[in-house]
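Written out below as structure tokens is the structure these notes cover.
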Amino acid sequence: MTAEIVSWTSVSYQIRDGFWLKYKSILKRIDMGLPCGAVVGLVGANGAGKTTLMKLGAGILSPSRGRVDIHGVAARTAKARARIGFLTEQQYLYPNSKLYEWLEMLGRLSGLSGKTLRYRIDQVADQFDLQPFLHSYMRTISKGQLQRAGISQVFLHEPDILFLDEPMSGLDPYWRKRLMDILLKFKQGGGSILFSSHILYDVEKLADTIYVIEKGAMKDSDILRSRFQDIQAYEIEYRCADPVNPSELNAADDVIPLPNGHFQISISPEKKNEWLQLSVSGAVDIIELRAVQLDIQDTLRGN
């Protein structure tokens, strides 16, 4: 059995809420673990408690009851937190700072300095195509670029545990695929990942284990597995001399050019065989065929 690198044991978390400051439960007796070298997907509706669970794991919050450990050491300790890279869904950005200054600040907070810090900033900027924006003010950078910047900073100090809250948010199809490859490579190198997502495809593709959280409590994940086959559409990444005119195939959406020279198109399930035939005939070279399933929010509502 693979050892758990992070464990939540009988964890509950409460806050004071309302005019009378009565206790409100956010998490209720959570028992879960993040195994070494594994990817765990955390899913649930907005407000279910996913972000709070991650903040407890990262040592940002302390549980009201129970305990959270990283390799047997309390998550709140500096020693435990030094091993973690954390991406929040709502990032803490400074609009009047330059991207390089922001990364430099976060690197220093993670214990880096001097040549090592400059080298690591260059490395992650190369990995996430951020070099052209390093000296741009953050207020001038697009949402997708800021998301890539946020993801890049989790790798700065070379942690072995990643907590990623909605990491695919704001990314275009090309970068969603590229990030997925980066995360799988991190896992293959022995890293451990806990991530949340509303996209069933991301959960199915990345996660070894899935935890469903509802109103602060764990729920049977079978409700998701039964929906993995509910295909709403297909996304096709392909290449050819000229993009196929989607109107000829009654496709729902326009062709999207990708930065790598490929194209992407979204089609209805009924058109899948037509595209496979185009591939067989040599008209297009299909790089990847991705099923698009229900959003997790819809699944948990029973739609």
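The way I read the labels, and the way they are meant: chains A, B, ... in the order of the structure tokens, residue 1 as the first residue of every chain, and ligand 1 as the first ligand shown, with later ones counted on from there.
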Please provide as an MDAnalysis selection string all residues within 7 Å of stretch 269-284 of chain A, with the sequence filter that same-chain residues fewer than 6 positions apart are discarded (counting only C-alpha atoms). chainID A and resid 232:234 238:240
Export C-alpha atoms of the chosen residues as a PDB file, in the first residue's frame?
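Below is the file that was written, out_25.pdb:
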```pdb
ATOM      1  CA  GLN A 232     -22.215  15.842 -24.469  1.00  0.00           C
ATOM      2  CA  ALA A 233     -19.770  16.541 -27.301  1.00  0.00           C
ATOM      3  CA  TYR A 234     -16.264  15.838 -28.570  1.00  0.00           C
ATOM      4  CA  TYR A 238      -6.123  17.928 -35.515  1.00  0.00           C
ATOM      5  CA  ARG A 239      -3.766  19.186 -38.189  1.00  0.00           C
ATOM      6  CA  CYS A 240      -4.000  19.579 -41.932  1.00  0.00           C
TER       7      CYS A 240
END
```
Out of stretch 60-292 of chain A, which residues get strand (DSSP E) from DSSP, as an MDAnalysis selection string? chainID A and resid 65:70 73:74 84:87 161:165 192:196 209:214 217:219 231:239 256:257 263:267 285:292
Counting only C-alpha atoms, what is within 10 Å of A:Ala80, bar same-chain residues fewer than 4 positions away, as a list in words? Val6, Gly57, Ala58, Gly59, Asp69, Ile70, His71, Gly72, Val73, Ala74, Ala75, Arg76 and Ile84 of chain A
How about saving the chosen residues, N, CA, C and O atoms kept, as a PDB file, in the first residue's frame?
```
ATOM      1  N   VAL A   6       0.168  13.196   2.768  1.00  0.00           N
ATOM      2  CA  VAL A   6      -0.678  14.151   3.500  1.00  0.00           C
ATOM      3  C   VAL A   6      -1.912  13.392   3.981  1.00  0.00           C
ATOM      4  O   VAL A   6      -2.494  12.605   3.228  1.00  0.00           O
ATOM      5  N   GLY A  57      -4.847  21.523   4.413  1.00  0.00           N
ATOM      6  CA  GLY A  57      -3.739  20.672   4.001  1.00  0.00           C
ATOM      7  C   GLY A  57      -2.452  21.445   3.825  1.00  0.00           C
ATOM      8  O   GLY A  57      -1.365  20.930   4.090  1.00  0.00           O
ATOM      9  N   ALA A  58      -2.579  22.706   3.382  1.00  0.00           N
ATOM     10  CA  ALA A  58      -1.400  23.541   3.161  1.00  0.00           C
ATOM     11  C   ALA A  58      -0.929  24.241   4.438  1.00  0.00           C
ATOM     12  O   ALA A  58       0.072  24.958   4.407  1.00  0.00           O
ATOM     13  N   GLY A  59      -1.635  24.028   5.535  1.00  0.00           N
ATOM     14  CA  GLY A  59      -1.226  24.644   6.792  1.00  0.00           C
ATOM     15  C   GLY A  59      -1.595  26.098   6.927  1.00  0.00           C
ATOM     16  O   GLY A  59      -1.129  26.779   7.853  1.00  0.00           O
ATOM     17  N   ASP A  69      -1.670  16.165   8.757  1.00  0.00           N
ATOM     18  CA  ASP A  69      -0.238  15.904   8.834  1.00  0.00           C
ATOM     19  C   ASP A  69       0.368  15.773   7.448  1.00  0.00           C
ATOM     20  O   ASP A  69      -0.286  15.287   6.512  1.00  0.00           O
ATOM     21  N   ILE A  70       1.619  16.196   7.340  1.00  0.00           N
ATOM     22  CA  ILE A  70       2.428  15.984   6.137  1.00  0.00           C
ATOM     23  C   ILE A  70       3.633  15.166   6.558  1.00  0.00           C
ATOM     24  O   ILE A  70       4.471  15.639   7.338  1.00  0.00           O
ATOM     25  N   HIS A  71       3.668  13.913   6.094  1.00  0.00           N
ATOM     26  CA  HIS A  71       4.710  12.983   6.532  1.00  0.00           C
ATOM     27  C   HIS A  71       4.775  12.887   8.048  1.00  0.00           C
ATOM     28  O   HIS A  71       5.858  12.843   8.641  1.00  0.00           O
ATOM     29  N   GLY A  72       3.597  12.874   8.673  1.00  0.00           N
ATOM     30  CA  GLY A  72       3.542  12.712  10.123  1.00  0.00           C
ATOM     31  C   GLY A  72       3.825  13.961  10.921  1.00  0.00           C
ATOM     32  O   GLY A  72       3.769  13.944  12.152  1.00  0.00           O
ATOM     33  N   VAL A  73       4.105  15.076  10.244  1.00  0.00           N
ATOM     34  CA  VAL A  73       4.370  16.343  10.929  1.00  0.00           C
ATOM     35  C   VAL A  73       3.171  17.268  10.719  1.00  0.00           C
ATOM     36  O   VAL A  73       2.606  17.326   9.619  1.00  0.00           O
ATOM     37  N   ALA A  74       2.765  17.987  11.743  1.00  0.00           N
ATOM     38  CA  ALA A  74       1.613  18.876  11.645  1.00  0.00           C
ATOM     39  C   ALA A  74       1.766  19.848  10.478  1.00  0.00           C
ATOM     40  O   ALA A  74       2.826  20.461  10.295  1.00  0.00           O
ATOM     41  N   ALA A  75       0.698  19.974   9.679  1.00  0.00           N
ATOM     42  CA  ALA A  75       0.761  20.777   8.448  1.00  0.00           C
ATOM     43  C   ALA A  75       1.059  22.248   8.720  1.00  0.00           C
ATOM     44  O   ALA A  75       1.564  22.950   7.843  1.00  0.00           O
ATOM     45  N   ARG A  76       0.772  22.734   9.917  1.00  0.00           N
ATOM     46  CA  ARG A  76       0.977  24.153  10.230  1.00  0.00           C
ATOM     47  C   ARG A  76       2.449  24.501  10.438  1.00  0.00           C
ATOM     48  O   ARG A  76       2.812  25.676  10.462  1.00  0.00           O
ATOM     49  N   ILE A  84       5.309  22.256  -0.024  1.00  0.00           N
ATOM     50  CA  ILE A  84       4.038  22.425  -0.739  1.00  0.00           C
ATOM     51  C   ILE A  84       4.104  23.577  -1.724  1.00  0.00           C
ATOM     52  O   ILE A  84       4.647  24.642  -1.438  1.00  0.00           O
TER      53      ILE A  84
END
```
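For the atom pair formed by atom CA of A:Ile213 and atom CA of A:Gln147, the distance is 24.7 Å, given to one decimal.
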Step one, run DSSP on the backbone; step two, keep only residues of stretch 54-264 of chain A assigned to helix (DSSP H, G or I); then write them as an MDAnalysis selection string. chainID A and resid 54:57 78:81 99:109 114:127 131:133 138:140 143:154 173:188 200:206 222:225 246:249
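The residue that comes closest to A:Ser7, out of A:Lys22, A:Leu194, A:Leu112, A:Lys28 and on the basis of only C-alpha atoms, is A:Leu194.
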Point-to-point distance from atom CA of A:Leu117 to atom CA of A:Glu101, Å rounded to tenths: 11.5 Å
Quick one: residues within 9 Å of A:Ala82, only C-alpha atoms counted, chain neighbours fewer than 3 positions away excluded, as a ChimeraX atom specification? /A:77-79,85,110-111,157,159
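Nearest to A:His135 of all the residues A:Ala38, A:Ala149, A:Leu99, A:Met32 is A:Leu99, counting only C-alpha atoms.
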Go through A:Thr51, A:Thr9, A:Asn46, A:Gln14 and flag the residue nearest A:Lys215, using only C-alpha atoms for the distances. A:Asn46
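Using only C-alpha atoms, the shortest contact distance between A:Ile199 and any of A:Ile182, A:Ile15, A:Ala291, A:Leu87 is found at A:Ala291.
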